[in-house]
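Notes for the one structure printed next.
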Amino acid sequence: MPPAPSASDLAKACPKILPVSSTGPRPFWSIMIPTYNCGDYLRRTLASVLPQALDPAVMQIEVIDDCSTKDDPEKVVAELGRGRVEFFRQPVNRGIPQTFNTCIERARGEWVHILHGDDMVLPGFYEEYGRLIASNPDAVMVVGQVVIIDEKDRWMGLYGPLPNDQTGIVYDFTLRQAIRQLGQFPGVVVRRDSYERVGGFCTLLTHTADFDMWFRVGQLGPVLGTERPFAMYRIHDAADTSKHRVLGTNIEQTFWVIRANAERLKQCLDESGWRERLADTAETTAWDLDAKGILEGRLNQLRWALLLRPSAGRLWRYIKTWVKVKIFRARLAMG
């Protein structure tokens with residue numbers, strides 16, 4: 001098994017988040033929209049937010065572009081935002097975790113919603129989340145359900161935790177989040193001072209930075225959930241999630257975070273159980289990629305399934321795939 005970074009290694013890669021420097025009135029919301037080469041989706045994202053836009057004194061809306069090269073997000077913002085949406089372009093491409101940290105650093109509001117430029121909110125998002133926060137003033141985060149959608153906005157399923165009772169609190173959030181990603185970005189809002197307390201997104205984690213962050217924030221206080229989804233999380237082949245599935249780094253970085261969480265909690269997290277579940281995820285992903293003709297992804301996922309929970313069957317499936325990849329590469333080399 002490849003060595004995993006320790007909890008202290010991850011902590012060292014989490015930049016400090018400074019408080020808002022302004023001493024004047026602050027908005028309640030900061031809707032921060034990171035984008036990179038997804039102009040068509042960004043239009044849909046903004047179209048979902050703007051009908052819910054409150055006065056600028058109450059709601060900051062800003063698009064943060066990580067130096068897009070294939071579209072013109074500033075033009076999209078000018079066209080749809082009409083002066084209501086701020087725009088910031090990073091001077092150089094900084095990558096995913098650093099862009100999230102830029103979002104936090106530029107957020108002036110008390111609550112921060114990082115809404116990816118290919119995701120969307122459903123009607124009533126900010127009204128319902130605001131109501132939940134008002135009824136639970138000690139809450140540090142809301143992790144609501146989301147609808148999973150594809151590139152054509154077709155609904156594919158639901159994801160996220162439900163509150164335990166009418167209080168809206170997810171009482172067992174931290175222990176569950178330690179071994180499984182419970183929340184997806186579009187359904188999560190976080191108190192800005194929580195980011196100030198735990199630091200920014202870990203720059204070592206290009207795929208599981210949110211998995212790590214939600215766990216860290218969840219240790220600070222009550223986490224709330226929604227009774228139904230108010231956001232949509234998009235899965236498509238151009239997304240970074242799809243690239244990590246092909247490389248196998250989705251499983252590797254999940255392994256890193258779970259091991260670090262166990263270290264932080266200083267308790268056993270049923271290692272046999274979570275390793276088996278993660279191995280099953282890798283194997284399922286392998287065959288999903290295989291159905292799409294992505295042989296390299298099948299090999300990388302089966303490798304992790306074998307490393308996490310070795311078995312004769314998994315070894316045989318890995319060897320067969322390895323041979324197929326070798327033959328495929330040889331044929332490519334021959335032209």
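Ordering of the structure tokens sets the chain letters (A, B, ...); residue numbers start at 1 within each chain; ligands are numbered from 1 in the order shown.
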Using only C-alpha atoms, what does the table of stretch 228-301 of chain A residues within 7 Å of stretch 148-152 of chain A look like, with each row giving the shortest atom pair and its distance in Å to one decimal, sorted by chain and ascending number, as a tab-separated table?
```
residue	atom	partner	partner_atom	distance
A:Met232	CA	A:Ile148	CA	5.8
A:Tyr233	CA	A:Ile148	CA	5.0
A:Arg234	CA	A:Ile149	CA	4.8
A:Ile235	CA	A:Asp150	CA	5.1
A:His236	CA	A:Glu151	CA	5.4
```
**Report entry** Distance query stretch 241-257 of chain A at most 10 Å, only C-alpha atoms, self and fewer than 3 positions along chain excluded, as a PyMOL selection string
**Finding:** chain A and resi 1-7+10+178-181+204-209+211-213+215+235-238+260-263+274-275+278-279+281-282+285-286+289+294-305+308
Requested in this report: Give the answer as one residue: which of A:Leu224, A:Leu182, A:Ala312, A:Met156 has the shortest atom-to-atom distance to A:Tyr129, using only C-alpha atoms?
Outcome: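 Smallest separation from A:Tyr129 among the options: A:Leu224.
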Determine, for each residue of stretch 19-66 of chain A having at least one atom at most 12 Å from an atom of stretch 184-188 of chain A, the closest pair of atoms and their separation in Å to one decimal, counting only C-alpha atoms; order by chain and ascending number, as a tab-separated table.
```
residue	atom	partner	partner_atom	distance
A:Ile31	CA	A:Pro186	CA	10.5
A:Met32	CA	A:Pro186	CA	10.7
A:Ile33	CA	A:Pro186	CA	10.0
A:Pro34	CA	A:Phe185	CA	11.2
A:Thr45	CA	A:Pro186	CA	10.4
A:Ser48	CA	A:Pro186	CA	11.8
A:Val49	CA	A:Pro186	CA	11.5
```
Query - Long-range neighbours of A:Ser194 as a VMD selection string, 8 Å cut-off, only C-alpha atoms, 2 positions minimum in chain - result: chain A and resid 140 190 to 192 196 to 198 217 220
Please save N, CA and C atoms of the selected residues as a compact mmCIF listing (two decimals), in the first residue's frame.
```txt
# COMPACT_ATOMS: atom_id res chain seq x y z
N VAL A 140 -22.42 25.57 12.62
CA VAL A 140 -21.20 25.96 11.91
C VAL A 140 -21.28 25.67 10.42
N VAL A 190 -21.04 27.28 4.80
CA VAL A 190 -20.18 27.25 5.99
C VAL A 190 -20.03 28.66 6.55
N ARG A 191 -20.09 28.78 7.87
CA ARG A 191 -19.78 30.07 8.50
C ARG A 191 -18.36 30.47 8.14
N ARG A 192 -18.16 31.72 7.75
CA ARG A 192 -16.81 32.13 7.38
C ARG A 192 -15.85 32.01 8.55
N GLU A 196 -11.99 30.35 9.25
CA GLU A 196 -10.92 31.05 9.94
C GLU A 196 -10.34 30.18 11.06
N ARG A 197 -11.17 29.37 11.67
CA ARG A 197 -10.73 28.52 12.79
C ARG A 197 -9.98 27.27 12.32
N VAL A 198 -10.42 26.66 11.22
CA VAL A 198 -9.80 25.39 10.80
C VAL A 198 -8.78 25.56 9.67
N VAL A 217 -14.58 21.08 9.79
CA VAL A 217 -15.58 22.05 10.24
C VAL A 217 -16.59 21.37 11.16
N LEU A 220 -16.37 21.48 14.95
CA LEU A 220 -16.47 22.74 15.67
C LEU A 220 -17.82 22.95 16.36
```
Query raised in the report: Which is closer to A:Ala57 than all the others in A:Glu105, A:Glu110, A:Asp172, A:Glu127, using only C-alpha atoms?
Result: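 Comparing A:Glu105, A:Glu110, A:Asp172, A:Glu127 against A:Ala57, the winner is A:Glu110.
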Requested in this report: Using only C-alpha atoms, determine which residues lie at most 7 Å from A:Gly225, disregarding the query and same-chain residues fewer than 3 positions distant; provide the list as an MDAnalysis selection string.
Outcome: chainID A and resid 142:144 161:163 168:170
Keeping N, CA and C atoms for every residue in the selection just given, could you write it to a file as a PDB file, in the first residue's frame?
```
ATOM      1  N   VAL A 142     -24.186  23.978   7.136  1.00  0.00           N
ATOM      2  CA  VAL A 142     -25.383  23.268   6.665  1.00  0.00           C
ATOM      3  C   VAL A 142     -24.942  22.353   5.528  1.00  0.00           C
ATOM      4  N   VAL A 143     -25.258  21.065   5.652  1.00  0.00           N
ATOM      5  CA  VAL A 143     -24.942  20.085   4.614  1.00  0.00           C
ATOM      6  C   VAL A 143     -26.261  19.501   4.130  1.00  0.00           C
ATOM      7  N   GLY A 144     -26.803  20.106   3.084  1.00  0.00           N
ATOM      8  CA  GLY A 144     -28.104  19.687   2.593  1.00  0.00           C
ATOM      9  C   GLY A 144     -28.019  18.633   1.503  1.00  0.00           C
ATOM     10  N   PRO A 161     -27.040  13.832   3.651  1.00  0.00           N
ATOM     11  CA  PRO A 161     -27.655  13.362   4.891  1.00  0.00           C
ATOM     12  C   PRO A 161     -28.990  14.042   5.162  1.00  0.00           C
ATOM     13  N   LEU A 162     -29.800  13.399   5.962  1.00  0.00           N
ATOM     14  CA  LEU A 162     -31.040  13.983   6.440  1.00  0.00           C
ATOM     15  C   LEU A 162     -30.875  14.378   7.902  1.00  0.00           C
ATOM     16  N   PRO A 163     -31.548  15.442   8.358  1.00  0.00           N
ATOM     17  CA  PRO A 163     -31.478  15.790   9.779  1.00  0.00           C
ATOM     18  C   PRO A 163     -32.137  14.701  10.620  1.00  0.00           C
ATOM     19  N   GLY A 168     -33.377  20.109  12.769  1.00  0.00           N
ATOM     20  CA  GLY A 168     -32.544  20.277  11.592  1.00  0.00           C
ATOM     21  C   GLY A 168     -31.115  19.810  11.780  1.00  0.00           C
ATOM     22  N   ILE A 169     -30.763  19.337  12.979  1.00  0.00           N
ATOM     23  CA  ILE A 169     -29.387  18.947  13.279  1.00  0.00           C
ATOM     24  C   ILE A 169     -29.104  17.520  12.808  1.00  0.00           C
ATOM     25  N   VAL A 170     -27.928  17.319  12.227  1.00  0.00           N
ATOM     26  CA  VAL A 170     -27.427  15.977  11.901  1.00  0.00           C
ATOM     27  C   VAL A 170     -26.485  15.607  13.048  1.00  0.00           C
TER      28      VAL A 170
END
```
From a backbone DSSP assignment, name each residue in stretch 102-219 of chain A labelled helix (DSSP H, G or I), as a compact mmCIF listing (two decimals) with C-alpha atoms, in the first residue's frame.
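Below is the file that was written, result-v4.txt:
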```
# COMPACT_ATOMS: atom_id res chain seq x y z
CA THR A 102 -9.36 32.30 -3.04
CA CYS A 103 -13.16 32.08 -2.82
CA ILE A 104 -12.98 32.11 0.99
CA GLU A 105 -10.39 34.88 1.11
CA ARG A 106 -12.52 37.13 -1.10
CA PHE A 125 -32.23 27.57 -1.50
CA TYR A 126 -31.18 30.73 0.35
CA GLU A 127 -34.58 31.25 1.98
CA GLU A 128 -34.60 27.72 3.44
CA TYR A 129 -30.94 27.73 4.44
CA GLY A 130 -31.38 31.14 6.05
CA ARG A 131 -34.37 29.87 8.01
CA LEU A 132 -32.38 26.86 9.26
CA ILE A 133 -29.46 29.04 10.32
CA ALA A 134 -31.73 31.51 12.12
CA SER A 135 -33.30 28.68 14.13
CA PHE A 173 -22.29 14.03 11.34
CA THR A 174 -18.60 13.97 12.35
CA LEU A 175 -18.34 10.22 12.91
CA ARG A 176 -20.15 9.47 9.66
CA GLN A 177 -18.14 12.06 7.71
CA PHE A 185 -20.35 21.39 -2.57
CA PRO A 186 -23.58 22.89 -3.97
CA GLY A 187 -25.53 21.73 -0.90
CA ARG A 192 -16.81 32.13 7.38
CA ASP A 193 -15.39 32.20 10.91
CA SER A 194 -15.37 28.39 10.82
CA TYR A 195 -12.93 28.56 7.91
CA GLU A 196 -10.92 31.05 9.94
CA ARG A 197 -10.73 28.52 12.79
CA VAL A 198 -9.80 25.39 10.80
CA ALA A 209 -10.40 18.64 -0.31
CA ASP A 210 -14.11 18.96 0.54
CA PHE A 211 -14.22 15.54 2.24
CA ASP A 212 -11.39 16.70 4.49
CA MET A 213 -12.86 20.17 5.05
CA TRP A 214 -16.38 19.11 6.02
CA PHE A 215 -14.90 16.76 8.64
CA ARG A 216 -12.72 19.53 10.12
CA VAL A 217 -15.58 22.05 10.24
CA GLY A 218 -17.96 19.42 11.65
```
Report task. Could you tell me how far atom CA of A:Val121 lies from atom CA of A:Pro25, in Å and to one decimal? Result ->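 According to the coordinates, atom CA of A:Val121 and atom CA of A:Pro25 are separated by 26.2 Å.
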**Report entry** Interatomic distance, atom CA of A:Glu86 to atom CA of A:Tyr36 (Å, one decimal)
**Finding:** 16.0 Å
Report task. Check stretch 89-172 of chain A with DSSP on the backbone and list each residue it calls strand (DSSP E), as a list in words. Result -> Arg89, Trp111, Val112, His113, Ile114, Met120, Val121, Met141, Val142, Val143, Val146, Val147, Ile148, Ile149, Trp155, Met156, Gly157, Leu158 and Tyr159 of chain A
Report task. Go through A:Val112, A:Glu283, A:Cys67, A:Gln267 and flag the residue nearest A:Pro310, using only C-alpha atoms for the distances. Result -> A:Glu283
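For the pair atom CA of A:Gly83 and atom CA of A:Gly39, the separation is 17.8 Å.
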